[in-house]
Structures are given as structure tokens and as C-alpha cells.
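K.L.:
protein-v8.pdb (PDB, C-alpha atoms) pasted underneath:
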```pdb
MODEL        1
ATOM      1  CA  MET A   1      19.637   1.941 -26.487
ATOM      2  CA  MET A   2      18.513  -0.108 -23.492
ATOM      3  CA  LYS A   3      14.749  -0.300 -23.057
ATOM      4  CA  VAL A   4      13.498  -0.455 -19.461
ATOM      5  CA  LEU A   5       9.922  -1.170 -18.433
ATOM      6  CA  VAL A   6       8.706  -0.060 -14.998
ATOM      7  CA  SER A   7       5.538  -2.075 -14.393
ATOM      8  CA  ASP A   8       4.752  -0.980 -10.818
ATOM      9  CA  ASN A   9       4.618   2.400  -9.101
ATOM     10  CA  LEU A  10       8.112   3.752  -8.448
ATOM     11  CA  GLU A  11       9.148   7.011  -6.833
ATOM     12  CA  ASP A  12      10.425   9.823  -9.052
ATOM     13  CA  VAL A  13      13.862   9.676  -7.392
ATOM     14  CA  GLY A  14      14.420   6.293  -9.040
ATOM     15  CA  LEU A  15      12.800   7.165 -12.352
ATOM     16  CA  ASP A  16      14.887  10.340 -12.638
ATOM     17  CA  ILE A  17      18.123   8.331 -12.368
ATOM     18  CA  LEU A  18      17.039   6.199 -15.308
ATOM     19  CA  ARG A  19      15.710   9.111 -17.357
ATOM     20  CA  ASN A  20      18.962  11.008 -16.939
ATOM     21  CA  GLU A  21      20.887   8.235 -18.700
ATOM     22  CA  SER A  22      21.114   8.966 -22.429
ATOM     23  CA  GLU A  23      21.421   5.279 -23.317
ATOM     24  CA  ILE A  24      18.256   4.228 -21.457
ATOM     25  CA  GLN A  25      14.673   4.512 -22.657
ATOM     26  CA  VAL A  26      12.209   4.248 -19.759
ATOM     27  CA  ASP A  27       8.546   3.311 -20.124
ATOM     28  CA  VAL A  28       6.317   3.432 -17.047
ATOM     29  CA  ARG A  29       3.289   1.148 -17.440
ATOM     30  CA  ALA A  30       1.957   0.425 -13.960
ATOM     31  CA  GLY A  31      -1.196  -1.617 -13.533
ATOM     32  CA  LEU A  32      -0.898  -3.829 -16.594
ATOM     33  CA  LYS A  33      -2.835  -7.074 -16.573
ATOM     34  CA  PRO A  34      -0.670 -10.220 -16.862
ATOM     35  CA  GLU A  35      -1.670 -10.806 -20.473
ATOM     36  CA  GLU A  36      -0.968  -7.159 -21.339
ATOM     37  CA  LEU A  37       2.474  -7.339 -19.760
ATOM     38  CA  LYS A  38       3.241 -10.597 -21.564
ATOM     39  CA  ALA A  39       2.292  -9.016 -24.899
ATOM     40  CA  ILE A  40       4.917  -6.266 -24.604
ATOM     41  CA  ILE A  41       7.681  -7.743 -22.416
ATOM     42  CA  GLY A  42       9.592  -9.041 -25.446
ATOM     43  CA  ASP A  43      10.448  -5.445 -26.400
ATOM     44  CA  TYR A  44      12.378  -4.735 -23.200
ATOM     45  CA  ASP A  45      15.895  -5.384 -21.928
ATOM     46  CA  ALA A  46      15.079  -4.724 -18.260
ATOM     47  CA  LEU A  47      12.029  -4.892 -16.019
ATOM     48  CA  ILE A  48      11.654  -2.967 -12.760
ATOM     49  CA  ILE A  49       8.922  -4.113 -10.368
ATOM     50  CA  ARG A  50       7.610  -3.744  -6.833
ATOM     51  CA  SER A  51       5.306  -6.387  -5.335
ATOM     52  CA  ALA A  52       2.308  -6.192  -7.690
ATOM     53  CA  THR A  53       3.932  -7.593 -10.836
ATOM     54  CA  LYS A  54       4.333 -11.368 -10.876
ATOM     55  CA  VAL A  55       7.352 -12.468 -12.900
ATOM     56  CA  THR A  56       6.262 -15.997 -13.715
ATOM     57  CA  GLU A  57       7.753 -18.607 -15.997
ATOM     58  CA  ASP A  58       4.928 -17.899 -18.419
ATOM     59  CA  LEU A  59       5.865 -14.218 -18.545
ATOM     60  CA  LEU A  60       9.562 -14.998 -18.905
ATOM     61  CA  SER A  61       8.842 -17.300 -21.845
ATOM     62  CA  ALA A  62       7.819 -14.202 -23.792
ATOM     63  CA  ALA A  63      10.715 -12.051 -22.552
ATOM     64  CA  SER A  64      13.026 -12.741 -25.463
ATOM     65  CA  ASN A  65      15.289  -9.719 -24.860
ATOM     66  CA  LEU A  66      15.094  -9.470 -21.077
ATOM     67  CA  LYS A  67      18.445  -9.355 -19.314
ATOM     68  CA  VAL A  68      17.615  -8.144 -15.796
ATOM     69  CA  VAL A  69      14.697  -7.931 -13.365
ATOM     70  CA  GLY A  70      15.068  -5.291 -10.654
ATOM     71  CA  ARG A  71      12.857  -5.524  -7.567
ATOM     72  CA  ALA A  72      12.465  -2.215  -5.715
ATOM     73  CA  GLY A  73      12.198  -3.822  -2.284
ATOM     74  CA  ILE A  74      13.463  -6.800  -0.323
ATOM     75  CA  GLY A  75      11.108  -9.670  -1.151
ATOM     76  CA  LEU A  76      11.552 -11.773  -4.286
ATOM     77  CA  ASP A  77       8.735 -14.283  -3.869
ATOM     78  CA  ASN A  78       6.904 -12.667  -6.818
ATOM     79  CA  VAL A  79       9.793 -13.609  -9.131
ATOM     80  CA  ASP A  80      10.379 -17.125 -10.447
ATOM     81  CA  ILE A  81      14.127 -17.006  -9.848
ATOM     82  CA  PRO A  82      14.930 -20.520 -11.194
ATOM     83  CA  ALA A  83      13.082 -19.727 -14.425
ATOM     84  CA  ALA A  84      14.944 -16.424 -14.742
ATOM     85  CA  THR A  85      18.301 -18.072 -14.042
ATOM     86  CA  LYS A  86      17.627 -20.737 -16.674
ATOM     87  CA  ARG A  87      17.229 -17.955 -19.225
ATOM     88  CA  GLY A  88      20.314 -16.065 -18.060
ATOM     89  CA  ILE A  89      18.267 -13.210 -16.602
ATOM     90  CA  ILE A  90      19.795 -11.466 -13.585
ATOM     91  CA  VAL A  91      17.443 -10.807 -10.647
ATOM     92  CA  MET A  92      18.324  -7.935  -8.316
ATOM     93  CA  ASN A  93      16.638  -6.209  -5.364
ATOM     94  CA  THR A  94      17.111  -3.318  -2.918
ATOM     95  CA  PRO A  95      17.187  -5.194   0.399
ATOM     96  CA  ALA A  96      18.029  -2.268   2.684
ATOM     97  CA  GLY A  97      15.483   0.254   1.435
ATOM     98  CA  ASN A  98      12.451  -0.647   3.531
ATOM     99  CA  VAL A  99      13.812  -2.704   6.418
ATOM    100  CA  VAL A 100      13.381  -0.035   9.112
ATOM    101  CA  THR A 101       9.855   0.727   7.966
ATOM    102  CA  THR A 102       8.831  -2.938   8.035
ATOM    103  CA  ALA A 103      10.418  -3.491  11.438
ATOM    104  CA  GLU A 104       8.618  -0.457  12.841
ATOM    105  CA  HIS A 105       5.327  -1.771  11.469
ATOM    106  CA  ALA A 106       5.815  -5.087  13.263
ATOM    107  CA  ILE A 107       6.417  -3.243  16.550
ATOM    108  CA  ALA A 108       3.403  -0.997  15.918
ATOM    109  CA  MET A 109       1.204  -4.031  15.252
ATOM    110  CA  MET A 110       2.383  -5.687  18.455
ATOM    111  CA  MET A 111       1.631  -2.572  20.498
ATOM    112  CA  ALA A 112      -1.782  -2.049  18.891
ATOM    113  CA  LEU A 113      -2.699  -5.677  19.518
ATOM    114  CA  SER A 114      -1.550  -5.575  23.140
ATOM    115  CA  ARG A 115      -3.450  -2.407  24.013
ATOM    116  CA  ASN A 116      -6.585  -3.021  21.934
ATOM    117  CA  ILE A 117      -6.100   0.236  20.064
ATOM    118  CA  PRO A 118      -8.133  -0.661  16.930
ATOM    119  CA  TRP A 119     -11.118  -1.812  18.978
ATOM    120  CA  GLY A 120     -10.872   1.155  21.320
ATOM    121  CA  THR A 121     -10.957   3.518  18.361
ATOM    122  CA  ALA A 122     -13.887   1.721  16.720
ATOM    123  CA  SER A 123     -15.933   1.574  19.930
ATOM    124  CA  MET A 124     -15.417   5.253  20.754
ATOM    125  CA  LYS A 125     -16.387   6.302  17.241
ATOM    126  CA  ALA A 126     -19.526   4.214  17.765
ATOM    127  CA  GLY A 127     -20.323   6.265  20.882
ATOM    128  CA  GLN A 128     -19.252   3.605  23.394
ATOM    129  CA  TRP A 129     -16.937   3.738  26.411
ATOM    130  CA  GLU A 130     -15.670   0.186  26.926
ATOM    131  CA  LYS A 131     -12.767   0.856  29.275
ATOM    132  CA  LYS A 132     -13.072  -2.351  31.314
ATOM    133  CA  LYS A 133     -13.734  -4.584  28.331
ATOM    134  CA  LEU A 134     -10.646  -3.351  26.504
ATOM    135  CA  GLN A 135      -8.084  -3.888  29.238
ATOM    136  CA  GLY A 136      -4.774  -4.735  27.578
ATOM    137  CA  ARG A 137      -1.400  -6.119  28.588
ATOM    138  CA  GLU A 138       2.059  -4.641  29.025
ATOM    139  CA  ILE A 139       4.897  -5.737  26.806
ATOM    140  CA  PHE A 140       7.499  -4.818  29.442
ATOM    141  CA  ASN A 141       9.518  -7.908  30.418
ATOM    142  CA  LYS A 142       7.490 -10.136  28.111
ATOM    143  CA  VAL A 143       9.335 -12.677  25.970
ATOM    144  CA  LEU A 144       9.457 -11.847  22.262
ATOM    145  CA  GLY A 145      10.391 -14.704  19.982
ATOM    146  CA  VAL A 146      11.944 -13.436  16.747
ATOM    147  CA  VAL A 147      11.941 -16.009  13.950
ATOM    148  CA  GLY A 148      14.499 -14.861  11.398
ATOM    149  CA  PHE A 149      17.474 -12.667  12.289
ATOM    150  CA  GLY A 150      18.074 -10.979   8.945
ATOM    151  CA  LYS A 151      17.917  -7.279   8.180
ATOM    152  CA  ILE A 152      14.354  -6.799   9.431
ATOM    153  CA  GLY A 153      14.337  -9.334  12.272
ATOM    154  CA  SER A 154      17.493  -7.877  13.786
ATOM    155  CA  ILE A 155      15.979  -4.377  13.788
ATOM    156  CA  VAL A 156      12.790  -5.677  15.427
ATOM    157  CA  ALA A 157      14.935  -7.352  18.097
ATOM    158  CA  ASP A 158      16.796  -4.105  18.716
ATOM    159  CA  ARG A 159      13.589  -2.062  19.020
ATOM    160  CA  ALA A 160      12.044  -4.662  21.337
ATOM    161  CA  ARG A 161      15.137  -4.622  23.548
ATOM    162  CA  GLY A 162      14.683  -0.860  23.836
ATOM    163  CA  LEU A 163      11.154  -1.542  25.081
ATOM    164  CA  LYS A 164      12.656  -3.780  27.792
ATOM    165  CA  MET A 165      11.334  -7.019  26.349
ATOM    166  CA  GLN A 166      13.217 -10.294  26.723
ATOM    167  CA  VAL A 167      14.235 -11.202  23.177
ATOM    168  CA  ILE A 168      14.967 -14.742  22.052
ATOM    169  CA  VAL A 169      15.931 -15.516  18.464
ATOM    170  CA  HIS A 170      15.791 -18.477  16.113
ATOM    171  CA  ASP A 171      17.470 -18.495  12.721
ATOM    172  CA  PRO A 172      18.970 -21.709  11.314
ATOM    173  CA  PHE A 173      21.155 -19.701   8.916
ATOM    174  CA  VAL A 174      22.714 -17.412  11.534
ATOM    175  CA  THR A 175      25.153 -18.872  14.057
ATOM    176  CA  ALA A 176      24.312 -18.797  17.739
ATOM    177  CA  ASP A 177      27.563 -16.934  18.291
ATOM    178  CA  THR A 178      26.456 -14.119  15.959
ATOM    179  CA  ILE A 179      23.093 -13.833  17.691
ATOM    180  CA  GLU A 180      24.634 -13.855  21.145
ATOM    181  CA  LYS A 181      27.276 -11.272  20.195
ATOM    182  CA  ALA A 182      24.393  -9.019  19.190
ATOM    183  CA  GLY A 183      23.065  -9.397  22.730
ATOM    184  CA  TYR A 184      20.269 -11.923  22.301
ATOM    185  CA  GLU A 185      19.649 -15.525  23.277
ATOM    186  CA  ALA A 186      19.773 -18.021  20.411
ATOM    187  CA  VAL A 187      17.221 -20.804  20.825
ATOM    188  CA  SER A 188      15.757 -23.727  18.932
ATOM    189  CA  LEU A 189      12.412 -23.230  17.230
ATOM    190  CA  ASP A 190      10.663 -25.535  19.702
ATOM    191  CA  ASP A 191      12.168 -23.624  22.624
ATOM    192  CA  LEU A 192      11.004 -20.346  21.122
ATOM    193  CA  TYR A 193       7.483 -21.712  20.723
ATOM    194  CA  ARG A 194       7.473 -22.915  24.327
ATOM    195  CA  ARG A 195       8.717 -19.688  25.916
ATOM    196  CA  ALA A 196       7.510 -16.756  23.833
ATOM    197  CA  ASP A 197       4.633 -14.474  24.831
ATOM    198  CA  TYR A 198       4.809 -12.914  21.376
ATOM    199  CA  ILE A 199       6.130 -14.448  18.150
ATOM    200  CA  THR A 200       7.076 -12.256  15.193
ATOM    201  CA  LEU A 201       8.053 -13.692  11.824
ATOM    202  CA  HIS A 202      10.816 -12.282   9.633
ATOM    203  CA  VAL A 203      11.695 -15.030   7.171
ATOM    204  CA  PRO A 204      11.311 -15.157   3.373
ATOM    205  CA  LYS A 205       8.601 -17.235   1.769
ATOM    206  CA  LEU A 206      10.369 -20.417   0.731
ATOM    207  CA  LYS A 207       9.429 -24.063   0.372
ATOM    208  CA  ASP A 208      10.643 -24.688   3.928
ATOM    209  CA  THR A 209       8.799 -21.721   5.459
ATOM    210  CA  VAL A 210       5.351 -22.065   3.870
ATOM    211  CA  GLY A 211       3.019 -23.149   6.674
ATOM    212  CA  LEU A 212       5.791 -22.753   9.256
ATOM    213  CA  LEU A 213       3.231 -21.753  11.841
ATOM    214  CA  ASN A 214       0.684 -24.555  11.668
ATOM    215  CA  GLN A 215      -1.377 -26.571  14.113
ATOM    216  CA  ALA A 216       1.650 -28.575  15.259
ATOM    217  CA  ALA A 217       3.529 -25.347  15.979
ATOM    218  CA  PHE A 218       0.599 -23.766  17.825
ATOM    219  CA  ASP A 219       0.291 -26.866  20.011
ATOM    220  CA  LYS A 220       3.850 -26.255  21.243
ATOM    221  CA  MET A 221       3.203 -22.640  22.217
ATOM    222  CA  LYS A 222       2.146 -21.329  25.598
ATOM    223  CA  ASP A 223      -1.521 -20.468  26.097
ATOM    224  CA  GLY A 224      -2.263 -16.840  25.286
ATOM    225  CA  VAL A 225       0.581 -16.311  22.811
ATOM    226  CA  MET A 226       0.243 -13.478  20.309
ATOM    227  CA  ILE A 227       1.356 -13.795  16.667
ATOM    228  CA  ILE A 228       2.686 -11.005  14.446
ATOM    229  CA  ASN A 229       3.304 -11.604  10.742
ATOM    230  CA  CYS A 230       4.658  -8.727   8.667
ATOM    231  CA  ALA A 231       6.818 -11.017   6.510
ATOM    232  CA  ARG A 232       4.922 -12.887   3.800
ATOM    233  CA  GLY A 233       1.512 -14.476   3.487
ATOM    234  CA  GLY A 234       1.517 -18.260   3.642
ATOM    235  CA  ILE A 235       4.165 -18.520   6.341
ATOM    236  CA  VAL A 236       1.243 -18.783   8.764
ATOM    237  CA  ASN A 237      -1.349 -21.420   7.928
ATOM    238  CA  GLU A 238      -4.472 -19.270   8.168
ATOM    239  CA  ALA A 239      -6.893 -22.152   8.763
ATOM    240  CA  ASP A 240      -4.767 -23.443  11.643
ATOM    241  CA  LEU A 241      -4.388 -19.926  13.076
ATOM    242  CA  ASN A 242      -8.153 -19.510  12.907
ATOM    243  CA  ALA A 243      -8.614 -22.719  14.912
ATOM    244  CA  ALA A 244      -5.950 -21.715  17.446
ATOM    245  CA  LEU A 245      -7.580 -18.314  17.958
ATOM    246  CA  ARG A 246     -11.035 -19.799  18.419
ATOM    247  CA  SER A 247      -9.738 -22.351  20.928
ATOM    248  CA  GLY A 248      -7.987 -19.627  22.948
ATOM    249  CA  LYS A 249      -4.502 -21.092  22.457
ATOM    250  CA  VAL A 250      -3.581 -17.908  20.545
ATOM    251  CA  ALA A 251      -4.794 -14.752  22.294
ATOM    252  CA  GLY A 252      -4.451 -12.476  19.301
ATOM    253  CA  ALA A 253      -2.872 -12.036  15.902
ATOM    254  CA  ALA A 254      -1.604  -9.034  13.961
ATOM    255  CA  LEU A 255      -1.359  -9.700  10.239
ATOM    256  CA  ASP A 256      -0.020  -7.475   7.485
ATOM    257  CA  VAL A 257       0.229 -10.246   4.877
ATOM    258  CA  PHE A 258      -2.072 -13.014   3.720
ATOM    259  CA  GLU A 259      -2.073 -16.278   1.793
ATOM    260  CA  LYS A 260      -4.041 -14.501  -0.931
ATOM    261  CA  GLU A 261      -3.740 -10.770  -1.507
ATOM    262  CA  PRO A 262      -6.181  -9.108  -1.472
ATOM    263  CA  PRO A 263      -7.651 -11.803   0.797
ATOM    264  CA  GLY A 264     -11.329 -11.201   0.043
ATOM    265  CA  GLU A 265     -13.557 -12.948   2.538
ATOM    266  CA  CYS A 266     -11.423 -14.362   5.324
ATOM    267  CA  PRO A 267     -12.660 -16.217   8.432
ATOM    268  CA  LEU A 268      -9.934 -14.535  10.487
ATOM    269  CA  PHE A 269     -11.652 -11.174   9.988
ATOM    270  CA  GLU A 270     -14.615 -12.445  11.972
ATOM    271  CA  ILE A 271     -12.490 -12.718  15.119
ATOM    272  CA  ASP A 272     -12.229  -9.645  17.347
ATOM    273  CA  ARG A 273      -8.702 -10.507  18.469
ATOM    274  CA  VAL A 274      -7.273 -10.184  14.971
ATOM    275  CA  ILE A 275      -5.952  -6.893  13.653
ATOM    276  CA  CYS A 276      -4.868  -6.535  10.060
ATOM    277  CA  THR A 277      -3.425  -4.112   7.552
ATOM    278  CA  PRO A 278      -3.234  -4.375   3.729
ATOM    279  CA  HIS A 279       0.480  -5.199   3.350
ATOM    280  CA  LEU A 280       1.615  -1.838   4.715
ATOM    281  CA  GLY A 281       4.964  -3.020   6.075
ATOM    282  CA  ALA A 282       6.955  -1.071   3.480
ATOM    283  CA  SER A 283       4.413   1.692   2.952
ATOM    284  CA  THR A 284       5.988   4.852   4.246
ATOM    285  CA  VAL A 285       7.107   7.858   2.249
ATOM    286  CA  GLU A 286      10.699   7.224   3.331
ATOM    287  CA  ALA A 287      10.734   3.553   2.349
ATOM    288  CA  GLN A 288       9.102   4.152  -1.030
ATOM    289  CA  THR A 289      11.816   6.675  -1.798
ATOM    290  CA  ASN A 290      14.661   4.507  -0.498
ATOM    291  CA  VAL A 291      13.749   1.400  -2.490
ATOM    292  CA  ALA A 292      13.762   3.484  -5.665
ATOM    293  CA  TRP A 293      17.263   4.789  -4.876
ATOM    294  CA  PRO A 294      19.809   2.198  -6.116
ATOM    295  CA  PHE A 295      22.602   3.042  -3.709
ATOM    296  CA  SER A 296      23.561   1.818  -0.248
ATOM    297  CA  ARG A 297      23.016   5.203   1.383
ATOM    298  CA  PRO A 298      19.527   6.687   1.909
ATOM    299  CA  ALA A 299      18.024   8.854  -0.798
ATOM    300  CA  PRO A 300      18.646  12.593  -0.443
ATOM    301  CA  SER A 301      16.496  14.126   2.282
ATOM    302  CA  SER A 302      15.596  16.958  -0.055
ATOM    303  CA  THR A 303      13.774  14.539  -2.338
ATOM    304  CA  ARG A 304      10.047  15.131  -2.091
ATOM    305  CA  SER A 305       7.874  12.069  -2.400
ATOM    306  CA  THR A 306       4.779  12.042  -4.583
ATOM    307  CA  CYS A 307       3.563   8.896  -2.816
ATOM    308  CA  ARG A 308       0.729   9.186  -0.341
ATOM    309  CA  PRO A 309       0.667   7.019   2.788
TER     310      PRO A 309
ENDMDL
END
```
Do you think you could lay out the structure here as C-alpha cells?

P.N.:
Amino acid sequence: MMKVLVSDNLEDVGLDILRNESEIQVDVRAGLKPEELKAIIGDYDALIIRSATKVTEDLLSAASNLKVVGRAGIGLDNVDIPAATKRGIIVMNTPAGNVVTTAEHAIAMMMALSRNIPWGTASMKAGQWEKKKLQGREIFNKVLGVVGFGKIGSIVADRARGLKMQVIVHDPFVTADTIEKAGYEAVSLDDLYRRADYITLHVPKLKDTVGLLNQAAFDKMKDGVMIINCARGGIVNEADLNAALRSGKVAGAALDVFEKEPPGECPLFEIDRVICTPHLGASTVEAQTNVAWPFSRPAPSSTRSTCRP
């Protein structure tokens, strides 16, 4: 009998697959504190997580029977992969389940930022009519710089092209020929910084990408650039972004992810030209169902989600 622990919220469509296997015992224990999880992890052969559970080296040291960690989602920055590999533990994810949802969120954030939608809503609910103050900007024919041309970045580029934006792309791991065959212009990172009216990030959080957007990067950008980050917290240096916003170099920022989550008190929240959401990139009913469905095709449309947006 294989014992599987699900330590984060997972849709019933995924749990039912596991429960229907006679050789699998499934325990759902969402919301465990790190010390509580460490105390029981040694009893399990497999661990299924979302983004809340942190699979650290300390946790893995107690996972004497663990053979596999399954991440329902694309990101793996909450798993210490080298530590897992050293112990012979396989790490898997569902990289296609929430890519459309995350890409759509990046586009939505860009639109909301450009047209001052959050501030317009807040001011009207406060009984104000600030039409002149909240004049926005069109995205038509603006240059969108996409950093990272993977599953999510390529969808963002496609959606932006449909909005008649000029899309330029930088990805050191994708050939210029591949990018150009997809219909976009491949550029260096410095060229992207110099030309883009909007910059959207779609890279994993790695040693080389932490602090990718820092003061040196902002200095290379055109005045009035807007930044969208729906990838991972820490890719943008928040202190340097704060300075760039206050100087006017950056006209606005839309952030779904933060260096610390939840961020608590954050100087960026004091700036009117910052909009933010609590890591909602993958939070749609469809995506929550798809990441729990361990197959390449979407989950059955008849499946009813118990998740609430």
C-alpha cells in the first residue's frame, strides 16, 4: 500500500483519481505547520503540494520513506530539488495546467494598470468623480517586452499580438529562430529594456533571475515604463522598484507576487501607481481543476469545482 499525503488544497478531480486506486491510501492534511508536517512526513511514500508547502532540506531529512513529490502547478521554487535528488526523490509538476490562467492575469494586470481601473473603482465608491485625474493610456501599438518565452510567456505574447501591441522577446534559452518563427522579434535584454513601454516577466525564480530587475536594469529603461510581474517574487528587487517608481522612471507596476508572501507592510503599497493581487495568477476554477488532473488534456468539463475564486 502506497501512502500519499496531500498537504495543500487540491481539487476533488485529482483526489478522486488517487482514491479510486486500491493500492493507494490518501491523507489530506492541508494547512499543517512546518513542524507538524515534519513530524508525520516519514510515514508517507509520496507528497502532493501546491505553493503553500515548502519542501525544504530540513523536511526531507525526516522523509525516510518519501519517493516522489508532486507539485500541482508549474513553479518548483518551493521545493529544494537538489536536496530531493540527493535522496533519490523524484520531483514532478503539472506545467500546463495553469499557464493560460496566469497569462490572462498578466494581460488583465497590464490593462488595469494602463486604464487606472483600481483607482477609478475606489474613487467612485468613495463618492468621487475623478475623470480627468484618472486619464489612462492605450496599449495599441505600444511595445511589450516579454522576458521569458516559455509556456506562459508565449501565451502572453500571443494575447498581446491580438491586442495589436508590438511584441519583443528575450529568452537566453530559446533560439532567436524559434522566437522569430513564432512571429516575434528576438532581442537582447538590454535592447528590450531600452525599447519596451511595458515589461512583463515570465521566468522561473533561479539564482540567475533573483533581482533581475534592479536599479541597473531600471536605469536602462525608457522613462515611463510599466512593469508587470506575475512570475515569482524576488525576480524584481522591490527596494529598487520603489525608488524607480518614486523617481518617475517607472510609471506604474502591477505585481501578483512578492519577495515575501504574504508581504505584510510594504513600501510599494504606499504608491498610487502600484496595483497588486495576492498571487492570483493561477487562481481560477479552471486552473485549479486542471493542475489536479494528471494528464496532458484538460480535465473533463463536467467536473464541478468546489474551489471558490

K.L.:
Apply the PyMOL selection byres ((chain A and resi 220-228) around 9) to the displayed file and report the matching residues as an MDAnalysis selection string.

P.N.:
chainID A and resid 106:107 109:110 113:114 190:201 215:219 229:231 248:256

K.L.:
Can you tell me which residues surround stretch 211-214 of chain A at a distance of at most 9 Å, considering only C-alpha atoms, apart from same-chain residues fewer than 3 positions away, and format the answer as a list in words?

P.N.:
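Answer for this query is Asp208, Ala217, Phe218, Asp219, Gly234, Ile235, Val236, Asn237, Glu238, Ala239, Asp240 and Leu241 of chain A.
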
K.L.:
For this file, the PyMOL selection byres ((chain A and resi 115) around 10) selects which residues, as an NGL selection string?

P.N.:
:A and (110-114 or 116-120 or 134-139)

K.L.:
Identify all residues satisfying the PyMOL selection byres ((chain A and resi 166) around 9) in the given file; provide them as a list of chain:residue names.

P.N.:
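What the PyMOL selection byres ((chain A and resi 166) around 9) grabs from the file is A:Phe140, A:Asn141, A:Lys142, A:Val143, A:Leu144, A:Gly145, A:Ala160, A:Arg161, A:Lys164, A:Met165, A:Val167, A:Ile168, A:Tyr184, A:Glu185.
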
K.L.:
For each of A:Thr289, A:Asn242, A:Thr85, A:Ser283, take the minimum atom-to-atom distance to A:Glu270, counting all atoms listed in the file, then give the residue where this is smallest.

P.N.:
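Nearest to A:Glu270: A:Asn242.
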